[in-house]
Each structure stands twice: as structure tokens, then as C-alpha cells.
Amino acid sequence: MSTYNFDYLDELEAEAIHILREVAGQFEKPALLFSGGKDSITLVRLAEKAFRPGKFPFPLVHIDTGHNFQETIEYRDKMIERIGEKLIVGSVQDSIDQGKVVEQKGKNASRNALQTVTLLDTIAKYEFDACIGGARRDEEKARAKERIFSVRDEFGQWDPKRQRPELWNIYNGKIHKGENVRVFPISNWTELDVWNYIRRENIELPSIYFSHERDVILRNGQLMAASPFLNMDDEDLVFQKQVRFRTVGDMSCTAAVESEAILIDDIISEISASKISERGARMDDKVSEAAMEDRKKGGYF
Amino acid sequence: MNILKFFTAGSVDDGKSTLIGRLLYDTDSILADQLEALQSSNRKNDDGTIDLAILTDGLRAEREQGITIDVAYKYFQTDKRKFIIADTPGHIQYTRNMVTGASTANLAIILIDARNGVVEQTIRHSYLVSLLGIKHIVVCINKMDMVDYSENVYQAIIDKYKILAKQLQLNDVNYIPVSALKGDNIAQNSERMDWYEGESLLHFLEQVDTDNLDKSQLARMPVQWVIRPQTAELHDYRGYAGRVLSGTFKLNDKVTVLPSGASSIIKKIEFFDQTPEAAHAGQSVTLHLKDDVDISRGDTIVNAAALPQESKLIEADLCWMDGRALDTSITYLIQHNSKVTKCKISEILHKVDINTLEKHPADEFKLNDIGRVIVKTADALAFDLYDDNRANGSAILVDSRTNLTVGALMFRAAVE
């Protein structure tokens with residue numbers, strides 16, 4: 001009997017590759033939603049492992065809020081050049097210019113919620129029938145119950161009560177015209193798993209994940225990057241801090257954490273000891289206990 | 001470090017959510033902001049401590065009703081293992097959720113309320129565990145604090161459960177007396193039950209050998225996708241991408257491609273930038289064959305020396321998962337790994353009363369019904385029996401009117 005070493009990262013990786021290949025096999029027009037964050041960067045590596053030396057059977061789609069960290073956009077463009085795959089950008093600014101959405105007002109204004117409209121428009125425009133995303137079940141309670149193949153109606157809505165049973169490793173991707181499926185290949189990964197995988201695979205990340213000095217303000221108890229995208233007034237005191245970001249989102253809603261971590265090893269030990277979970281640094285989840293559930297029902301990632 | 005996927009059966013009243021909450025809490029898997037959200041919640045235990053059950057109640061409807069409706073997946077990790085919990089509701093109306101949660105687990109925790117002992121739902125949960133082929137079982141006799149940590153109570157329950165285990169042919173059963181509420185024998189051995197000489201639940205879960213690695217000779221790989229770059233330098237490249245379901249493929253192994261029956265030899269095994277000499281169960285790889293055979297998605301590459309069964313008529317256990325009852329007059333789709341074909345349920349052999357385990361003749365199959373049927377498929381399936389090879393012995397039924405997954409099938413025999 002041959003023995004082999006198949007550890008937990010190998011198993012998670014093999015499962016994710018299997019899911020990506022199911023998407024390729026079951027859908028006509030899939031897409032991979034790419035945010036420039038570590039989870040979608042991990043998805044790109046997994047897609048390379050699933051389909052090379054062939055091309056990806058899907059384009060990458062970036063929903064661009066226009067309020068990005070510059071480092072993320074630079075990273076994105078460099079990566080696209082390296083992998084030689086197609087990138088489609090859906091622009092929230094376009095949605096605003098077309099009058100489809102209205103910019104939020106007030107101090108806590110963010111384009112996070114507006115993304116949903118741009119996302120749904122982009123899905124409709126390109127007739128995507130499956131969108132691969134980097135969401136994980138450990139992020140949040142509503143996500144803990146979402147399927148790996150999660151069907152959305154033609155309005156992009158998730159109905160937690162009408163989820164299909166998902167048995168063994170069999171994924172039912174059958175849909176009616178106009179519906180689409182959100183697919184989450186790294187559902188079973190935790191934040192720590194993703195970091196350990198990035199370390200093992202030597203995956204390059206945008207620099208904002210690592211400690212750097214930045215102008216910040218303190219808002220609602222959290223450190224926010226001072227930027228033209230944040231509605232600031234005289235009460236907002238700008239100061240410098242050694243920080244890093246645990247997630248990459250819109251600049252107006254992604255909080256920084258104080259950190260000295262400059263290497264992946266530092267980050268992994270920081271997370272292992274951490275006392276605040278990843279989505280805790282996302283102001284958009286703080287509104288109510290059911291915030292994520294409500295946004296997902298509305299078509300959010 | 002490997003992964004243990006386990007499934008918990010039990011209802012709210014047995015303290016299942018509290019047990020899981022306790023495992024997460026005692027392994028420091030609850031982060032500060034989640035704990036903060038917990039503490040600010042107005043649900044508290046009678047003694048004012050945090051209600052750990054809230055940790056696993058995900059959806060708003062569930063919080064409102066105080067019950068677990070769906071399957072929730074939870075994750076925690078110790079130095080020894082990564083754990084994935086499929087947490088499912090225990091009431092009979094959620095049988096399909098239990099079947100779903102159990103389908104991917106390699107260990108089951110069955111909860112018994114020490115005050116009530118083996119009851120109807122214990123039989124039901126144990127039956128589902130045996131039906132879904134989960135080989136390792138831990139019976140947690142919970143709420144020991146409510147029976148004065150009595151060894152006699154514990155022993156009487158075990159004696160009764162052993163009869164049930166024998167009836168269901170459950171061979172690897174372990175028993176642990178616990179109090180999820182107080183934390184007895186969960187992460188650490190309890191001082192309040194010094195008569196118990198076994199391990200704590202967590203220690204047991206860390207150590208148990210669940211044979212994650214399939215050691216069977218039944219090498220099977222359903223082809224998911226054919227990689228054909230069709231570029232100048234890779235003009236003749238043709239790789240069959242898939243995940244090895246079971247067994248091992250080695251270089252130069254003789255293989256058969258089903259359903260065509262074509263035979264060939266493994267020329268190369270690829271995994272991204274590596275070319276390993278073998279591909280094992282669980283691994284997602286790309287296989288190359290010596291001969292130019294016509295292979296597409298839905299075909300299965302198998303070890304030529306250990307062929308699966310091939311049949312269009314299969315006897316199977318069926319769990320019905322849809323609100324609309326089974327209609328034996330219509331055509332469904334059956335999805336068996338990457339293969340999809342039309343099928344009919346041509347005969348209902350019997351239905352099982354899962355509370356009493358009695359079999360009854362039946363002519364209808366409704367939500368949560370379980371029983372034995374004959375499936376008639378348009379194309380022959382290349383399958384193994386569920387007990388021999390879970391991954392190649394299972395399939396789902398899809399209703400093409402709604403596209404919903406309406407049934408779970410476990411293959412028991414090819415019909416001659």
C-alpha cells in the first residue's frame with residue numbers, strides 16, 4: 001500500500017479545484033469575481049492549478065467602486081499581464097453617471113452597497129450564468145449556511161429558505177434562464193487556511209496587507225485610511241499610524257488594524273493570536289446582526 | 001495535520017447547539033467581536049452565563065424561532081486537526097437536512113439527553129447515520145449535570161444503545177458522558193465524573209483514525225473537463241482533468257474508460273507544475289493516456305483490473321427532499337458525479353418508518369421519506385455499491401421542471 005502525504009491544505013485545494021472544474025463543465029458563461037483581495041487572489045492560483053496549461057474557461061470580473069486602494073489596482077493590472085487572462089471591469093462610477101444608483105451622503109457614506117447594482121448589471125450585460133467568488137463560511141453566520149453552488153434568481157436574490165440540498169461532492173448547477181449561480185470554491189477555508197496557503201504557495205499580495213505607515217482618522221472606534229473618498233470634516237483628526245488591512249474593500253468602508261506585521265509569518269502569528277475577526281474590520285456588517293443576510297438576499301457577493 | 005468532518009445529530013432540547021458552541025468556546029475559536037455580539041445579545045442561560053447555542057444559529061428566522069433549520073458549517077482547529085462540523089437540526093421535518101449534513105461526514109456525534117435516554121429520535125438519527133454509511137460514531141450522553149453525574153444512568157443508556165447499534169450494524173461506537181452546558185468531558189476530562197475512564201470528546205476527535213484516505217483498489221476518476229490548449233507548442237496536448245474518487249492511479253496502470261469500454265495506459269499524471277508517479281483518492285489531477293481515445297465530461301476512468309458495475313437498472317435507497325412528492329410517471333435527471341442522464345423511479349420497493357425501522361409497502365414518496373426503490377436510467381451508470389465506495393455509489397435526483405435537487409440516492413445493487 002502506497003502512503004502519501006495529503007494534509008489539510010492539499011485537501012482544501014483539491015476540493016476547490018474540483019469545484020472550479022465543475023463550474024467549467026456545467027456552465028456556458030461563467031466568470032470569476034476578482035476584487036484584488038487575498039481570497040480572490042487565492043482563487044486565481046487555484047484556477048491556474050485547475051486549468052493550466054489551458055486558458056481559464058472564464059474571464060475575471062472586477063467590480064470597481066472607483067474608491068480603490070491604488071495598490072490594489074496596480075496589483076490587478078500586473079497580475080492580469082502575468083496570467084494572460086481576460087479582465088472585465090464593471091464600474092460603479094458608470095452606474096452613478098447613468099443615474100442607476102445615487103451616491104450616499106453623510107459621514108459614513110460608502111460605495112459598498114452601490115456595488116450590488118453594478119454587479120447585477122455586469123452579470124446581465126455579459127449574460128454570466130455562474131459567478132465564482134471568494135466568500136468563506138467562517139466569515140459570518142449567514143455565510144455558514146450558504147451552499148457552494150448558491151442559486152440567485154433573476155434579481156440576484158439569495159433565498160436562504162429555498163436552498164438546494166448539497167450532498168456528497170455533487171453540485172447541482174441547473175438553472176432557468178435569467179438565474180445565475182454564485183459559486184464559492186473556498187467555502188470550507190478559514191482565514192488562517194487562506195494565509196497558510198498563500199505562504200505555502202508563495203503568492204504575492206497587494207502591499208496594503210502588510211504593515212505600512214499611513215494617514216488615518218479614527219471613526220466609530222476604527223482606523224480608516226484618510227482619503228478623498230472619505231467624507232471628512234474638521235472634527236476628523238488625521239494622524240499617522242503603522243497599520244495594515246485585513247481585507248481589501250472600498251477605501252470608505254475598510255478599516256485598518258494597527259500592525260507591525262511585514263512578513264506573511266508575522267501576519268499568521270498575528271491572526272492566530274488575534275482577538276478581532278476579519279469581518280469585524282468591515283463597517284458594513286456592523287449595522288445589525290442580520291446585516292449580511294439582508295445584503296445577500298439583495299444580490300450582494 | 002488533516003481534516004475531520006463530523007456531523008452532529010440531536011435537537012435543540014438535547015443541547016446540540018450548546019455542545020458545538022462549547023467546542024468552539026473551549027478551543028478559543030470564538031473571536032472577540034463575536035463574543036461581544038454574544039454578550040450584547042439578550043439570550044442568556046438561567047444562571048446568566050452566555051448562551052453558547054447562539055453561535056451556531058445563523059439565519060434570522062432561526063434566531064427568531066430559536067431552532068436550527070438548515071445545515072450550518074462551523075470550523076475550528078487545534079494543534080492536531082482541522083475540524084469541519086456539519087450542524088443540522090434534529091426534528092423529523094428536517095430529515096433531509098440531516099441527510100445532507102451526514103453525506104460528507106466521516107464521523108457522527110449522536111446526542112442523548114441523559115434524563116430521557118434512548119428515544120425515538122435517537123433511533124432516527126442512528127438510522128440515518130447507518131444509511132449514509134458513516135463508520136465512526138460517538139454517542140454523547142449529555143446533561144449529565146441534570147442526573148447528578150450518575151454512572152448508573154449512563155450505563156443503563158449505553159446498554160440500551162448497544163442493542164440499537166447491533167441492529168443497525170454500527171460497529172465503531174464510542175460513548176462519552178458529558179455536560180455541554182458545564183463543559184464536563186468536552187475539552188477536558190471532568191472531575192465530577194471520576195468513574196469515567198475514557199477520553200474527553202475533543203481529545204477523542206483529535207485522535208480518532210477515520211481512514212480519511214481511501215485505501216481501496218477501486219481506482220475511479222470521473223472526467224470533469226478536458227484540457228486542450230490547442231496552441232502551436234501544445235498542439236497535441238489532451239489532459240483529462242478530474243478528482244480521484246477512490247483508489248490510486250499509477251503511471252503505466254492499465255485503465256478502462258466507461259461507458260465506451262476503451263482501454264489504455266496512464267502515460268502521465270500532472271498536477272500543475274508537478275508530474276507525480278501516482279494520483280490518490282481525493283487529489284485533483286490531470287491524467288494523460290497513451291492512446292488517442294474519445295473521452296469527454298461524464299466519462300469515468302477506472303482501474304482495468306477492478307471494474308465498477310454497469311447498469312441501467314439499479315436498486316437504491318432514496319431520501320426524498322422536495323415539497324412536491326415523487327411522481328413515478330415523470331422523467332427526472334440523475335447526477336452521478338460528472339455524469340447526468342435521464343431516469344425514472346420505476347418501482348418503490350418499500351418505505352422505512354425511520355422512528356421504528358419498520359418497512360412498509362408504499363406507493364408514494366413525500367418530503368423526508370426514505371425507502372428502497374428501483375431507478376431506471378437512460379444511459380448506463382458505472383457505479384460501485386455505496387457500502388463499498390461511497391463516492392461512486394451515490395447520486396442526486398434533479399426535477400427538470402424546477403431544477404431543484406429532489407432526492408438523494410445510495411446504490412445498493414445492480415438489478416439483473
# chains A, B, ... in the order shown; residues from 1 in each chain; ligands from 1
$ interface_residues --of "chain A" --to "chain B" --cutoff "6 Å" --atoms "only C-alpha atoms" --output "list in words"
Asp7, Tyr8, Ala14, Gly25, Lys49, Gly54, Lys141, Ala142, Ala144, Lys145, Arg164, Leu167, Trp168, Ile170, Lys174, Lys275, Ile276 and Ser277 of chain A
$ write_last_selection --atoms "N, CA and C atoms" --output "tab-separated table (two decimals), in the first residue's frame"
chain	number	residue	atom	x	y	z
A	7	ASP	N	-2.19	16.65	3.32
A	7	ASP	CA	-2.58	17.37	4.53
A	7	ASP	C	-3.79	18.26	4.27
A	8	TYR	N	-4.17	19.03	5.29
A	8	TYR	CA	-5.44	19.76	5.19
A	8	TYR	C	-5.43	20.79	4.07
A	14	ALA	N	-7.63	20.56	-3.28
A	14	ALA	CA	-8.21	19.59	-4.22
A	14	ALA	C	-9.72	19.80	-4.34
A	25	GLY	N	-17.41	22.74	-16.38
A	25	GLY	CA	-18.16	21.68	-17.05
A	25	GLY	C	-19.65	21.94	-17.12
A	49	LYS	N	-4.17	26.09	-11.17
A	49	LYS	CA	-3.94	24.66	-10.90
A	49	LYS	C	-5.01	23.79	-11.55
A	54	GLY	N	-4.00	24.95	-20.12
A	54	GLY	CA	-5.05	25.59	-20.90
A	54	GLY	C	-5.35	26.99	-20.37
A	141	LYS	N	-22.16	34.40	10.04
A	141	LYS	CA	-23.15	33.36	10.33
A	141	LYS	C	-24.05	33.01	9.15
A	142	ALA	N	-24.45	34.02	8.36
A	142	ALA	CA	-25.31	33.72	7.22
A	142	ALA	C	-24.53	32.90	6.20
A	144	ALA	N	-22.27	30.82	6.79
A	144	ALA	CA	-22.05	29.46	7.29
A	144	ALA	C	-23.09	28.50	6.73
A	145	LYS	N	-24.21	29.05	6.27
A	145	LYS	CA	-25.30	28.18	5.79
A	145	LYS	C	-25.46	28.24	4.28
A	164	ARG	N	-30.92	24.59	-2.28
A	164	ARG	CA	-30.92	23.18	-2.66
A	164	ARG	C	-30.05	22.38	-1.71
A	167	LEU	N	-25.31	17.50	-1.54
A	167	LEU	CA	-24.88	16.24	-0.96
A	167	LEU	C	-23.57	15.74	-1.54
A	168	TRP	N	-22.84	14.99	-0.72
A	168	TRP	CA	-21.54	14.43	-1.12
A	168	TRP	C	-20.73	15.53	-1.82
A	170	ILE	N	-21.43	16.41	-4.99
A	170	ILE	CA	-22.21	16.57	-6.22
A	170	ILE	C	-22.86	17.96	-6.19
A	174	LYS	N	-27.98	23.29	-12.28
A	174	LYS	CA	-29.07	23.51	-13.24
A	174	LYS	C	-29.86	24.77	-12.87
A	275	LYS	N	-7.74	38.89	18.37
A	275	LYS	CA	-8.98	38.91	19.14
A	275	LYS	C	-10.08	39.64	18.40
A	276	ILE	N	-9.89	39.92	17.14
A	276	ILE	CA	-10.98	40.53	16.38
A	276	ILE	C	-11.09	39.80	15.05
A	277	SER	N	-12.29	39.35	14.71
A	277	SER	CA	-12.39	38.56	13.48
A	277	SER	C	-12.36	39.49	12.29
$ select_by_dssp --residues "range 274-413 of chain B" --states "strand (DSSP E or B)" --output "ChimeraX atom specification"
/B:274,278-280,284-289,300-303,309-320,332-336,339-353,358-360,370-383,394-398,405-413
$ atom_distance --atom1 "CA of Leu119 in chain A" --atom2 "CA of Glu103 in chain A"
15.9 Å
$ select_by_dssp --residues "range 18-148 of chain A" --states "helix (DSSP H, G or I)" --output "ChimeraX atom specification"
/A:18-26,38-51,70-83,92-97,115-126,137-139,143-145
$ residues_around --residues "Tyr161 in chain B" --least-positions-apart "6" --cutoff "10 Å" --atoms "only C-alpha atoms" --output "list in words"
Ile112, Gly117, Val118, Val119, Thr122, Ile123, Ser126, Val139, Gln155, Gln167, Val173 and Tyr175 of chain B
$ write_last_selection --atoms "N, CA and C atoms" --output "short mmCIF file (atom, residue, chain, number, x, y, z; two decimals), in the first residue's frame"
data_model
loop_
_atom_site.label_atom_id
_atom_site.label_comp_id
_atom_site.auth_asym_id
_atom_site.auth_seq_id
_atom_site.Cartn_x
_atom_site.Cartn_y
_atom_site.Cartn_z
N ILE B 112 -27.60 12.19 23.26
CA ILE B 112 -28.73 11.63 24.02
C ILE B 112 -28.86 12.45 25.30
N GLY B 117 -32.79 9.26 27.94
CA GLY B 117 -32.24 8.01 27.41
C GLY B 117 -32.49 7.85 25.92
N VAL B 118 -32.48 6.59 25.47
CA VAL B 118 -32.69 6.30 24.05
C VAL B 118 -34.16 6.51 23.71
N VAL B 119 -34.42 7.47 22.86
CA VAL B 119 -35.80 7.78 22.49
C VAL B 119 -35.95 7.65 20.98
N THR B 122 -33.41 9.19 18.79
CA THR B 122 -32.10 8.53 18.82
C THR B 122 -32.07 7.43 17.76
N ILE B 123 -33.19 6.70 17.67
CA ILE B 123 -33.29 5.64 16.67
C ILE B 123 -33.20 6.26 15.28
N SER B 126 -29.67 7.54 14.48
CA SER B 126 -28.74 6.43 14.30
C SER B 126 -29.01 5.72 12.99
N VAL B 139 -21.38 8.51 20.75
CA VAL B 139 -22.64 8.80 21.41
C VAL B 139 -22.31 9.63 22.65
N GLN B 155 -24.67 4.13 32.37
CA GLN B 155 -24.52 2.73 32.00
C GLN B 155 -25.81 2.15 31.42
N GLN B 167 -28.41 -3.81 15.97
CA GLN B 167 -29.48 -3.92 14.99
C GLN B 167 -29.12 -3.15 13.70
N VAL B 173 -18.63 2.26 17.73
CA VAL B 173 -19.40 3.20 18.54
C VAL B 173 -18.65 3.47 19.84
N TYR B 175 -18.67 5.87 23.58
CA TYR B 175 -19.62 6.56 24.47
C TYR B 175 -18.89 7.52 25.39
#
$ residues_around --residues "range 352-354 of chain B" --least-positions-apart "6" --cutoff "6 Å" --atoms "only C-alpha atoms" --output "PDB file with N, CA and C atoms, in the first residue's frame"
ATOM      1  N   ARG B 124     -33.924   7.354  15.088  1.00  0.00           N
ATOM      2  CA  ARG B 124     -33.953   8.017  13.785  1.00  0.00           C
ATOM      3  C   ARG B 124     -32.554   8.488  13.386  1.00  0.00           C
ATOM      4  N   ILE B 370     -37.973   8.020   3.306  1.00  0.00           N
ATOM      5  CA  ILE B 370     -36.796   7.233   2.955  1.00  0.00           C
ATOM      6  C   ILE B 370     -37.230   5.805   2.664  1.00  0.00           C
ATOM      7  N   GLY B 371     -36.661   5.204   1.645  1.00  0.00           N
ATOM      8  CA  GLY B 371     -37.007   3.822   1.346  1.00  0.00           C
ATOM      9  C   GLY B 371     -36.209   3.295   0.181  1.00  0.00           C
TER      10      GLY B 371
END
$ closest_residue --among "A:Leu205, A:Cys253, A:Val117, A:Val248" --to "Thr42 in chain A" --atoms "only C-alpha atoms"
A:Leu205
$ closest_residue --among "A:Ile186, A:Ala130, A:Leu87, A:Leu120" --to "Ala16 in chain A" --atoms "only C-alpha atoms"
A:Ile186
$ residues_around --residues "Ile186 in chain B" --least-positions-apart "4" --cutoff "9 Å" --atoms "only C-alpha atoms" --output "list in words"
Leu19, Arg22, Leu23, Asp26, Val178, Ser179, Ala180, Ser190, Ser200, Leu201, Leu202 and His203 of chain B
$ closest_residue --among "A:Phe184, A:Phe245, A:Phe58, A:Tyr197" --to "Arg137 in chain A" --atoms "only C-alpha atoms"
A:Phe184
$ residues_around --residues "Tyr386 in chain B" --least-positions-apart "6" --cutoff "6 Å" --atoms "only C-alpha atoms" --output "list in words"
Gly393, Met410 and Phe411 of chain B
$ write_last_selection --atoms "N, CA and C atoms" --output "short mmCIF file (atom, residue, chain, number, x, y, z; two decimals), in the first residue's frame"
data_model
loop_
_atom_site.label_atom_id
_atom_site.label_comp_id
_atom_site.auth_asym_id
_atom_site.auth_seq_id
_atom_site.Cartn_x
_atom_site.Cartn_y
_atom_site.Cartn_z
N GLY B 393 -20.93 5.54 -5.26
CA GLY B 393 -22.16 4.80 -5.05
C GLY B 393 -23.33 5.70 -4.71
N MET B 410 -28.60 6.22 -2.76
CA MET B 410 -27.45 5.40 -2.37
C MET B 410 -27.63 4.05 -3.02
N PHE B 411 -26.68 3.69 -3.90
CA PHE B 411 -26.84 2.47 -4.69
C PHE B 411 -26.56 1.23 -3.85
#
$ atom_distance --atom1 "CA of Leu24 in chain B" --atom2 "CA of Asp209 in chain B"
21.4 Å
$ atom_distance --atom1 "CA of Pro30 in chain A" --atom2 "CA of Asn196 in chain A"
27.9 Å
$ residues_around --residues "Lys125 in chain A" --least-positions-apart "6" --cutoff "12 Å" --atoms "only C-alpha atoms" --output "ChimeraX atom specification"
/A:29,88-90,118-119,178
$ write_last_selection --atoms "N, CA and C atoms" --output "compact mmCIF listing (two decimals), in the first residue's frame"
# COMPACT_ATOMS: atom_id res chain seq x y z
N LYS A 29 -21.43 30.34 -19.53
CA LYS A 29 -20.72 31.62 -19.44
C LYS A 29 -20.36 31.97 -18.00
N ILE A 88 -12.66 41.89 -17.17
CA ILE A 88 -13.80 42.77 -17.46
C ILE A 88 -14.00 43.64 -16.22
N VAL A 89 -14.13 44.96 -16.43
CA VAL A 89 -14.33 45.85 -15.28
C VAL A 89 -15.73 46.42 -15.33
N GLY A 90 -16.48 46.24 -14.24
CA GLY A 90 -17.79 46.86 -14.09
C GLY A 90 -17.62 48.06 -13.18
N THR A 118 -24.13 47.50 -9.75
CA THR A 118 -23.14 47.35 -10.82
C THR A 118 -22.86 45.88 -11.10
N LEU A 119 -22.77 45.11 -10.04
CA LEU A 119 -22.53 43.68 -10.20
C LEU A 119 -23.65 43.02 -10.99
N GLY A 178 -31.92 33.40 -17.01
CA GLY A 178 -32.03 34.61 -16.21
C GLY A 178 -31.50 34.43 -14.80
